[in-house]
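One structure below.
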Amino acid sequence: MSPRPVAWKTRRDMDDELQEIYDELVRRNPGQEEFHQAVREVFDSLHPVIDHHPEFLRDGLIQRLLEPERQLMFRVPWADDDGEVHVNRGFRVEFNSALGPYKGGLRFHPSVDLGIMKFLAFEQTLKNALTGMPLGGAKGGSDFDPRGRSEAEVMRFCQSYMTELYRHLGEHTDVPAGDIGVGTRELGFLFGQYKRITNRYESGVLTGKGVGWGGAHVRSEATGYGAVFFLAEMLAVDQQSLDGRVCLVSGSGNVALHAIDKLQQLGARVVACSDSDGVAHDPDGIDIELLRRIKQVERGRVADYVDERDSATLEPAGSIWQLECDVAMPCATQNELDDDDATALVDHGCTAVVEGANMPTTAKGIDVLQKAGVAFAPGKAANCGGVATSALEMQQNASRDSWSFTHTEARLAEIMARVHQECRETAQECGANDDYVVGANVAGFQRVAAAMHAMGLI
Ligand code: NDP
Ligand code: 2IT
């Protein structure tokens with residue numbers, strides 16, 4: 001989009017046509033609040049794009065972009081260690097393939113339903129476009145709850161899930177990865193079953209694989225590391241650095257652990273992390289090696305961390321944003337940071353919020369932060385390092401190559417710097433200086449819309 005001043009409109013000022021499209025979306029997708037929320041946020045950014053590209057309002061392009069290309073729902077039967085049979089629901093929402101094969105993670109969590117899958121797949125479509133890599137958007141998973149399940153039960157579940165999903169996958173068709181409840185262990189079980197059913201060693205069909213069997217260095221670290229690289233770029237705009245910054249990181253899974261690690265490598269002090277049962281407050285700074293052992297080796301809880309660490313106390317679940325900090329990184333789940341949390345962060349002097357998770361801040365929460373002048377980075381920009389490194393894994397698989405950790409981390413840092421720059425420039429072109437939400441939404445949307453427009457009525 002060429003630089004040109006456009007009248008910036010507020011989020012309450014969507015024009016009639018976009019409002020009609022949005023109302024129709026809500027009517028046709030009842031009860032899918034997270035999906036409505038994700039679309040609404042994008043719509044609130046879109047006026048400058050439509051000003052420049054009125055053709056995007058023609059031929060139903062926006063309506064087509066809001067309708068997933070394909071939505072799969074299937075039965076996943078499995079037996080627990082006592083032989084009792086369970087039936088879960090499996091999902092894969094193949095949202096958009098204008099830019100490349102469907103790409104996005106799998107989530108195993110009891111809260112998973114079709115609306116959650118659609119919000120995540122829609123976000124993923126724009127996020128993947130923002131990386132500038134040839135990736136479509138998708139999300140999948142199940143309402144299976146891995147908590148308290150034995151490794152054998154998790155394996156049987158993964159095998160049953162893949163027994164249906166495999167027919168929809170392929171390195172040029174649909175390429176899943178991990179998300180909440182799905183890490184290297186689960187991807188191993190899923191890849192093993194795919195290989196067995198198809199009799200193909202098709203490395204490029206899944207990303208986030210183990211480094212010894214087709215996985216890329218840095219893919220596990222990439223989402224958390226990438227979000228911190230994005231934060232460092234934001235601070236650098238004002239000639240600031242992470243050195244000495246006090247940070248809060250919610251969650252204690254894949255994204256949170258690696259965000260904490262990189263923050264501390266860059267001189268910050270992370271004083272709290274969490275899970276759904278509580279918050280570990282550790283004013284001395286989180287001992288990352290201890291946390292890693294408890295979470296990754298022992299599959300324990302943050303309460304176990306507090307038990308082993310003298311300087312730490314256990315605070316109630318959901319209370320992390322009440323603590324003092326310079327920087328907050330929500331890295332657990334959607335809508336975990338609301339307007340009350342945002343107000344507390346502002347009152348306690350927080351100056352930057354960077355989303356490692358997908359849509360962790362409510363719309364009202366974002367409003368409070370932006371109005372208070374807190375620098376705010378939305379997930380689709382800040383956490384895109386994960387899927388971008390998945391694309392690097394696909395490149396390596398396609399060329400049967402394997403890059404070093406150092407080389408891959410440098411590529412990730414470059415990508416995050418480029419995405420940061422593109423968000424800033426796009427926001428400026430839209431007359432919305434420093435608004436990373438507008439920058440990310442517009443830059444991602446334009447790429448998908450332009451490709452769909454070029455391809456005719458798809
Ligand atoms: P993990 O399963 O490794 O960790 C999830 C963490 O979030 C756990 O600490 C978990 O606590 C907490 N959590 C999850 N659901 C809830 C909930 N409903 N309420 C409170 N806490 C919750 O997942 P990831 O670290 O991979 O994912 C975290 C976020 O990052 C998600 O939003 C995901 O979509 C996003 N993301 C992940 C990417 C990746 O590469 N893995 C890439 C980009 C974004 P508990 O154990 O108590 O459930
Ligand atoms: O939300 C996300 O970007 C992911 N869970 C990672 C997706 C991927 O395909 O690497």
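Residue numbers start at 1 in each chain; chains themselves are named A, B, ... in the order of the structure tokens; ligands are numbered from 1 in the order shown.
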
With a cut-off of 9 Å, could you pull out the residues of chain A touching ligand 2 and give me the nearest pair of atoms for each, distance in Å to one decimal, using only C-alpha atoms and all ligand atoms, ordered by chain and ascending number, as a Markdown table?
```
| residue | atom | partner | partner_atom_place_in_ligand_line | distance |
| --- | --- | --- | --- | --- |
| A:Tyr102 | CA | ligand 2 | 9 (O) | 8.8 |
| A:Lys103 | CA | ligand 2 | 9 (O) | 5.1 |
| A:Gly104 | CA | ligand 2 | 9 (O) | 3.5 |
| A:Gly105 | CA | ligand 2 | 5 (N) | 4.1 |
| A:Leu106 | CA | ligand 2 | 5 (N) | 6.8 |
| A:Arg107 | CA | ligand 2 | 5 (N) | 7.8 |
| A:Leu120 | CA | ligand 2 | 1 (O) | 7.1 |
| A:Ala121 | CA | ligand 2 | 1 (O) | 8.5 |
| A:Glu123 | CA | ligand 2 | 1 (O) | 8.1 |
| A:Gln124 | CA | ligand 2 | 3 (O) | 6.1 |
| A:Lys127 | CA | ligand 2 | 3 (O) | 7.4 |
| A:Asn128 | CA | ligand 2 | 3 (O) | 7.8 |
| A:Gly137 | CA | ligand 2 | 9 (O) | 8.5 |
| A:Ala138 | CA | ligand 2 | 9 (O) | 8.2 |
| A:Lys139 | CA | ligand 2 | 5 (N) | 7.9 |
| A:Val175 | CA | ligand 2 | 9 (O) | 6.9 |
| A:Pro176 | CA | ligand 2 | 9 (O) | 5.5 |
| A:Ala177 | CA | ligand 2 | 9 (O) | 4.6 |
| A:Gly178 | CA | ligand 2 | 5 (N) | 5.4 |
| A:Asp179 | CA | ligand 2 | 5 (N) | 4.2 |
| A:Ile180 | CA | ligand 2 | 5 (N) | 7.6 |
| A:Leu206 | CA | ligand 2 | 9 (O) | 8.1 |
| A:Thr207 | CA | ligand 2 | 10 (O) | 6.4 |
| A:Gly208 | CA | ligand 2 | 10 (O) | 6.9 |
| A:Arg219 | CA | ligand 2 | 10 (O) | 8.1 |
| A:Thr223 | CA | ligand 2 | 3 (O) | 7.8 |
| A:Ala357 | CA | ligand 2 | 1 (O) | 7.5 |
| A:Asn358 | CA | ligand 2 | 1 (O) | 6.4 |
| A:Gly379 | CA | ligand 2 | 1 (O) | 8.6 |
| A:Lys380 | CA | ligand 2 | 3 (O) | 7.8 |
| A:Asn383 | CA | ligand 2 | 3 (O) | 6.6 |
| A:Cys384 | CA | ligand 2 | 3 (O) | 5.8 |
| A:Gly385 | CA | ligand 2 | 3 (O) | 7.8 |
| A:Gly386 | CA | ligand 2 | 10 (O) | 5.2 |
| A:Val387 | CA | ligand 2 | 10 (O) | 3.5 |
| A:Ala388 | CA | ligand 2 | 10 (O) | 7.0 |
| A:Thr389 | CA | ligand 2 | 10 (O) | 7.0 |
| A:Ser390 | CA | ligand 2 | 10 (O) | 4.7 |
| A:Ala391 | CA | ligand 2 | 10 (O) | 7.6 |
```

So that I have them on file, write out the residues from the current selection with C-alpha atoms, as a short mmCIF file (atom, residue, chain, number, x, y, z; two decimals), in the first residue's frame.
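Result written to part.cif:
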```cif
data_model
loop_
_atom_site.label_atom_id
_atom_site.label_comp_id
_atom_site.auth_asym_id
_atom_site.auth_seq_id
_atom_site.Cartn_x
_atom_site.Cartn_y
_atom_site.Cartn_z
CA TYR A 102 -3.03 -25.19 5.31
CA LYS A 103 -0.72 -24.66 8.27
CA GLY A 104 -1.32 -24.38 12.00
CA GLY A 105 -1.12 -26.24 15.27
CA LEU A 106 -3.17 -28.88 17.07
CA ARG A 107 -4.61 -28.13 20.52
CA LEU A 120 -7.49 -19.85 16.03
CA ALA A 121 -7.57 -20.83 12.33
CA GLU A 123 -5.87 -15.73 13.41
CA GLN A 124 -3.43 -18.25 11.97
CA LYS A 127 -0.44 -14.47 11.11
CA ASN A 128 0.99 -16.85 8.54
CA GLY A 137 -3.96 -21.09 7.68
CA ALA A 138 -5.55 -23.89 9.76
CA LYS A 139 -6.04 -25.13 13.30
CA VAL A 175 0.74 -29.47 7.72
CA PRO A 176 -0.14 -29.47 11.46
CA ALA A 177 2.19 -28.69 14.37
CA GLY A 178 1.80 -28.33 18.16
CA ASP A 179 -0.19 -25.95 20.35
CA ILE A 180 -1.62 -26.24 23.88
CA LEU A 206 4.13 -32.22 10.43
CA THR A 207 6.40 -29.61 12.01
CA GLY A 208 7.76 -29.44 15.53
CA ARG A 219 11.37 -24.86 16.48
CA THR A 223 7.56 -18.92 19.64
CA ALA A 357 -0.39 -16.62 23.30
CA ASN A 358 -3.18 -16.27 20.72
CA GLY A 379 -0.17 -12.29 19.10
CA LYS A 380 -0.42 -12.56 15.34
CA ASN A 383 4.12 -15.02 18.30
CA CYS A 384 4.56 -15.66 14.56
CA GLY A 385 8.13 -16.87 15.13
CA GLY A 386 6.76 -20.32 15.91
CA VAL A 387 5.01 -20.85 12.62
CA ALA A 388 7.77 -19.03 10.72
CA THR A 389 10.26 -21.56 12.09
CA SER A 390 7.81 -24.29 11.09
CA ALA A 391 8.18 -22.92 7.55
#
```

Determine which residues of range 152-293 of chain A DSSP labels as alpha helix (DSSP H) from the backbone of this structure, then write them out as a CSV table (one decimal) with C-alpha atoms, in the first residue's frame.
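The resulting file, part-v2.csv, is reproduced below:
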```
chain,number,residue,atom,x,y,z
A,152,ALA,CA,0.3,-44.9,26.9
A,153,GLU,CA,-3.1,-43.2,27.0
A,154,VAL,CA,-1.8,-40.1,25.3
A,155,MET,CA,-0.2,-42.4,22.6
A,156,ARG,CA,-3.4,-44.3,22.0
A,157,PHE,CA,-5.4,-41.1,21.8
A,158,CYS,CA,-2.9,-39.6,19.3
A,159,GLN,CA,-3.0,-42.8,17.2
A,160,SER,CA,-6.8,-42.7,17.1
A,161,TYR,CA,-6.8,-39.0,16.2
A,162,MET,CA,-4.4,-39.5,13.3
A,163,THR,CA,-6.2,-42.5,12.0
A,164,GLU,CA,-8.9,-40.2,10.8
A,165,LEU,CA,-6.9,-37.0,10.2
A,184,THR,CA,7.3,-33.0,20.7
A,185,ARG,CA,6.0,-36.2,22.5
A,186,GLU,CA,2.5,-36.0,20.9
A,187,LEU,CA,3.9,-35.0,17.5
A,188,GLY,CA,6.1,-38.2,17.7
A,189,PHE,CA,3.0,-40.4,18.3
A,190,LEU,CA,1.1,-38.6,15.5
A,191,PHE,CA,4.0,-38.8,13.0
A,192,GLY,CA,4.5,-42.5,13.8
A,193,GLN,CA,0.9,-43.3,13.1
A,194,TYR,CA,0.9,-41.2,9.9
A,195,LYS,CA,4.0,-43.0,8.7
A,196,ARG,CA,2.5,-46.4,9.5
A,197,ILE,CA,-0.9,-45.8,7.8
A,198,THR,CA,0.6,-44.3,4.7
A,219,ARG,CA,11.4,-24.9,16.5
A,220,SER,CA,10.6,-25.7,20.2
A,221,GLU,CA,12.1,-22.4,21.3
A,222,ALA,CA,10.9,-20.3,18.4
A,223,THR,CA,7.6,-18.9,19.6
A,224,GLY,CA,8.9,-17.7,23.0
A,225,TYR,CA,12.2,-16.6,21.6
A,226,GLY,CA,10.5,-14.8,18.7
A,227,ALA,CA,8.1,-12.9,20.9
A,228,VAL,CA,11.1,-11.7,23.0
A,229,PHE,CA,12.9,-10.6,19.8
A,230,PHE,CA,9.8,-8.7,18.8
A,231,LEU,CA,9.7,-7.0,22.2
A,232,ALA,CA,13.4,-6.1,21.9
A,233,GLU,CA,12.7,-4.5,18.5
A,234,MET,CA,9.8,-2.5,20.1
A,235,LEU,CA,12.1,-1.2,22.8
A,236,ALA,CA,14.8,-0.4,20.4
A,237,VAL,CA,12.5,2.1,18.6
A,254,ASN,CA,6.3,-24.3,25.7
A,255,VAL,CA,5.9,-20.6,24.8
A,256,ALA,CA,6.3,-19.3,28.4
A,257,LEU,CA,9.4,-21.4,29.2
A,258,HIS,CA,11.3,-20.2,26.2
A,259,ALA,CA,10.1,-16.6,26.6
A,260,ILE,CA,11.4,-16.6,30.2
A,261,ASP,CA,14.7,-18.1,29.0
A,262,LYS,CA,15.3,-15.6,26.3
A,263,LEU,CA,14.2,-12.6,28.5
A,264,GLN,CA,16.7,-13.6,31.1
A,265,GLN,CA,19.5,-14.2,28.5
A,288,ILE,CA,14.8,-21.5,34.5
A,289,GLU,CA,16.7,-24.7,34.9
A,290,LEU,CA,14.6,-25.7,37.9
A,291,LEU,CA,11.3,-24.7,36.1
A,292,ARG,CA,12.4,-26.6,33.0
```

Item to complete: Tell me which protein, DNA and RNA residues are within 8 Å of range 33-43 of chain A, counting only C-alpha atoms, leaving out same-chain ones fewer than 3 positions away, and put them as a list in words.
Response: Met14, Leu18, Tyr22, Leu25, Val26, Pro30, Leu46, His47, Leu66, Gly115, Ile116, Lys118, Phe119, Leu120, Phe122, Glu123, Met359, Ala363, Val438, Asn441 and Val442 of chain A

For the selection just defined, write its residues with N, CA, C and O atoms to a file, as a PDB file, in the first residue's frame.
```pdb
ATOM      1  N   MET A  14     -17.093   1.533  12.402  1.00  0.00           N
ATOM      2  CA  MET A  14     -17.043   0.708  11.190  1.00  0.00           C
ATOM      3  C   MET A  14     -18.124   1.178  10.226  1.00  0.00           C
ATOM      4  O   MET A  14     -19.231   1.484  10.645  1.00  0.00           O
ATOM      5  N   LEU A  18     -19.140  -3.004   6.268  1.00  0.00           N
ATOM      6  CA  LEU A  18     -18.405  -3.921   7.134  1.00  0.00           C
ATOM      7  C   LEU A  18     -19.291  -4.353   8.298  1.00  0.00           C
ATOM      8  O   LEU A  18     -19.268  -5.516   8.718  1.00  0.00           O
ATOM      9  N   TYR A  22     -20.278  -8.122   9.351  1.00  0.00           N
ATOM     10  CA  TYR A  22     -20.012  -8.618  10.712  1.00  0.00           C
ATOM     11  C   TYR A  22     -21.295  -9.160  11.357  1.00  0.00           C
ATOM     12  O   TYR A  22     -21.290 -10.243  11.953  1.00  0.00           O
ATOM     13  N   LEU A  25     -22.041 -12.470  10.020  1.00  0.00           N
ATOM     14  CA  LEU A  25     -21.125 -13.479  10.569  1.00  0.00           C
ATOM     15  C   LEU A  25     -21.600 -13.944  11.946  1.00  0.00           C
ATOM     16  O   LEU A  25     -21.631 -15.142  12.240  1.00  0.00           O
ATOM     17  N   VAL A  26     -22.004 -12.988  12.783  1.00  0.00           N
ATOM     18  CA  VAL A  26     -22.469 -13.340  14.133  1.00  0.00           C
ATOM     19  C   VAL A  26     -23.748 -14.179  14.032  1.00  0.00           C
ATOM     20  O   VAL A  26     -23.908 -15.188  14.727  1.00  0.00           O
ATOM     21  N   PRO A  30     -23.570 -18.734  15.490  1.00  0.00           N
ATOM     22  CA  PRO A  30     -24.040 -18.425  16.836  1.00  0.00           C
ATOM     23  C   PRO A  30     -23.191 -19.102  17.909  1.00  0.00           C
ATOM     24  O   PRO A  30     -22.734 -20.235  17.720  1.00  0.00           O
ATOM     25  N   LEU A  46      -9.657  -2.319   9.424  1.00  0.00           N
ATOM     26  CA  LEU A  46      -9.657  -2.466   7.962  1.00  0.00           C
ATOM     27  C   LEU A  46      -9.947  -1.236   7.109  1.00  0.00           C
ATOM     28  O   LEU A  46      -9.715  -1.266   5.905  1.00  0.00           O
ATOM     29  N   HIS A  47     -10.452  -0.178   7.702  1.00  0.00           N
ATOM     30  CA  HIS A  47     -10.901   0.949   6.867  1.00  0.00           C
ATOM     31  C   HIS A  47      -9.858   1.450   5.874  1.00  0.00           C
ATOM     32  O   HIS A  47     -10.187   1.650   4.698  1.00  0.00           O
ATOM     33  N   LEU A  66     -13.927 -14.965   5.388  1.00  0.00           N
ATOM     34  CA  LEU A  66     -14.397 -15.294   6.744  1.00  0.00           C
ATOM     35  C   LEU A  66     -14.978 -16.709   6.841  1.00  0.00           C
ATOM     36  O   LEU A  66     -15.286 -17.176   7.928  1.00  0.00           O
ATOM     37  N   GLY A 115     -15.919 -23.212  17.733  1.00  0.00           N
ATOM     38  CA  GLY A 115     -15.692 -21.761  17.749  1.00  0.00           C
ATOM     39  C   GLY A 115     -14.247 -21.417  18.080  1.00  0.00           C
ATOM     40  O   GLY A 115     -13.644 -20.527  17.461  1.00  0.00           O
ATOM     41  N   ILE A 116     -13.665 -22.124  19.036  1.00  0.00           N
ATOM     42  CA  ILE A 116     -12.253 -21.898  19.395  1.00  0.00           C
ATOM     43  C   ILE A 116     -11.357 -22.256  18.205  1.00  0.00           C
ATOM     44  O   ILE A 116     -10.410 -21.522  17.869  1.00  0.00           O
ATOM     45  N   LYS A 118     -12.141 -22.144  15.074  1.00  0.00           N
ATOM     46  CA  LYS A 118     -12.296 -21.167  13.985  1.00  0.00           C
ATOM     47  C   LYS A 118     -11.577 -19.857  14.303  1.00  0.00           C
ATOM     48  O   LYS A 118     -10.950 -19.253  13.427  1.00  0.00           O
ATOM     49  N   PHE A 119     -11.656 -19.426  15.559  1.00  0.00           N
ATOM     50  CA  PHE A 119     -10.906 -18.208  15.911  1.00  0.00           C
ATOM     51  C   PHE A 119      -9.416 -18.439  15.700  1.00  0.00           C
ATOM     52  O   PHE A 119      -8.714 -17.595  15.127  1.00  0.00           O
ATOM     53  N   LEU A 120      -8.932 -19.596  16.141  1.00  0.00           N
ATOM     54  CA  LEU A 120      -7.493 -19.848  16.029  1.00  0.00           C
ATOM     55  C   LEU A 120      -7.066 -19.989  14.562  1.00  0.00           C
ATOM     56  O   LEU A 120      -6.006 -19.495  14.160  1.00  0.00           O
ATOM     57  N   PHE A 122      -8.548 -18.637  11.945  1.00  0.00           N
ATOM     58  CA  PHE A 122      -8.638 -17.313  11.314  1.00  0.00           C
ATOM     59  C   PHE A 122      -7.409 -16.471  11.677  1.00  0.00           C
ATOM     60  O   PHE A 122      -6.763 -15.875  10.803  1.00  0.00           O
ATOM     61  N   GLU A 123      -7.073 -16.452  12.964  1.00  0.00           N
ATOM     62  CA  GLU A 123      -5.870 -15.732  13.411  1.00  0.00           C
ATOM     63  C   GLU A 123      -4.639 -16.260  12.678  1.00  0.00           C
ATOM     64  O   GLU A 123      -3.762 -15.514  12.250  1.00  0.00           O
ATOM     65  N   MET A 359      -4.527 -14.294  21.106  1.00  0.00           N
ATOM     66  CA  MET A 359      -5.629 -13.463  21.610  1.00  0.00           C
ATOM     67  C   MET A 359      -5.789 -13.546  23.139  1.00  0.00           C
ATOM     68  O   MET A 359      -6.897 -13.692  23.641  1.00  0.00           O
ATOM     69  N   ALA A 363     -10.742  -7.449  24.136  1.00  0.00           N
ATOM     70  CA  ALA A 363     -10.813  -6.189  23.376  1.00  0.00           C
ATOM     71  C   ALA A 363     -10.770  -5.001  24.345  1.00  0.00           C
ATOM     72  O   ALA A 363     -10.066  -4.010  24.098  1.00  0.00           O
ATOM     73  N   VAL A 438      -3.216  -2.540  14.289  1.00  0.00           N
ATOM     74  CA  VAL A 438      -3.584  -2.133  12.934  1.00  0.00           C
ATOM     75  C   VAL A 438      -2.524  -2.610  11.936  1.00  0.00           C
ATOM     76  O   VAL A 438      -2.844  -3.183  10.883  1.00  0.00           O
ATOM     77  N   ASN A 441      -2.817  -6.496  11.451  1.00  0.00           N
ATOM     78  CA  ASN A 441      -4.059  -6.914  10.791  1.00  0.00           C
ATOM     79  C   ASN A 441      -4.066  -6.503   9.322  1.00  0.00           C
ATOM     80  O   ASN A 441      -4.421  -7.295   8.445  1.00  0.00           O
ATOM     81  N   VAL A 442      -3.664  -5.278   9.057  1.00  0.00           N
ATOM     82  CA  VAL A 442      -3.723  -4.777   7.682  1.00  0.00           C
ATOM     83  C   VAL A 442      -2.684  -5.492   6.805  1.00  0.00           C
ATOM     84  O   VAL A 442      -2.994  -5.944   5.698  1.00  0.00           O
TER      85      VAL A 442
END
```

Discussion item. Need the shell around range 248-251 of chain A: protein/DNA/RNA residues with any atom at most 8 Å away, counting only C-alpha atoms. Skip same-chain ones fewer than 3 positions apart. Format as a list in words?
Written reply: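 Here the answer would be Val255, Ala256, Ala259, Ile260, Val270, Val271, Ala272, Cys273, Ser274, Asp275, Ser276, Ile320, Trp321, Leu323, Cys325, Val327, Ala328, Met329, Pro330, Cys331, Ala332 and Thr333 of chain A.
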
Item to complete: Return the single residue from A:Ile286, A:Val218, A:Leu345, A:Val448 that is closest to ligand 1, with distances computed using only C-alpha atoms and all ligand atoms.
Response: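 Between A:Ile286, A:Val218, A:Leu345, A:Val448, the residue approaching ligand 1 most closely is A:Val218.
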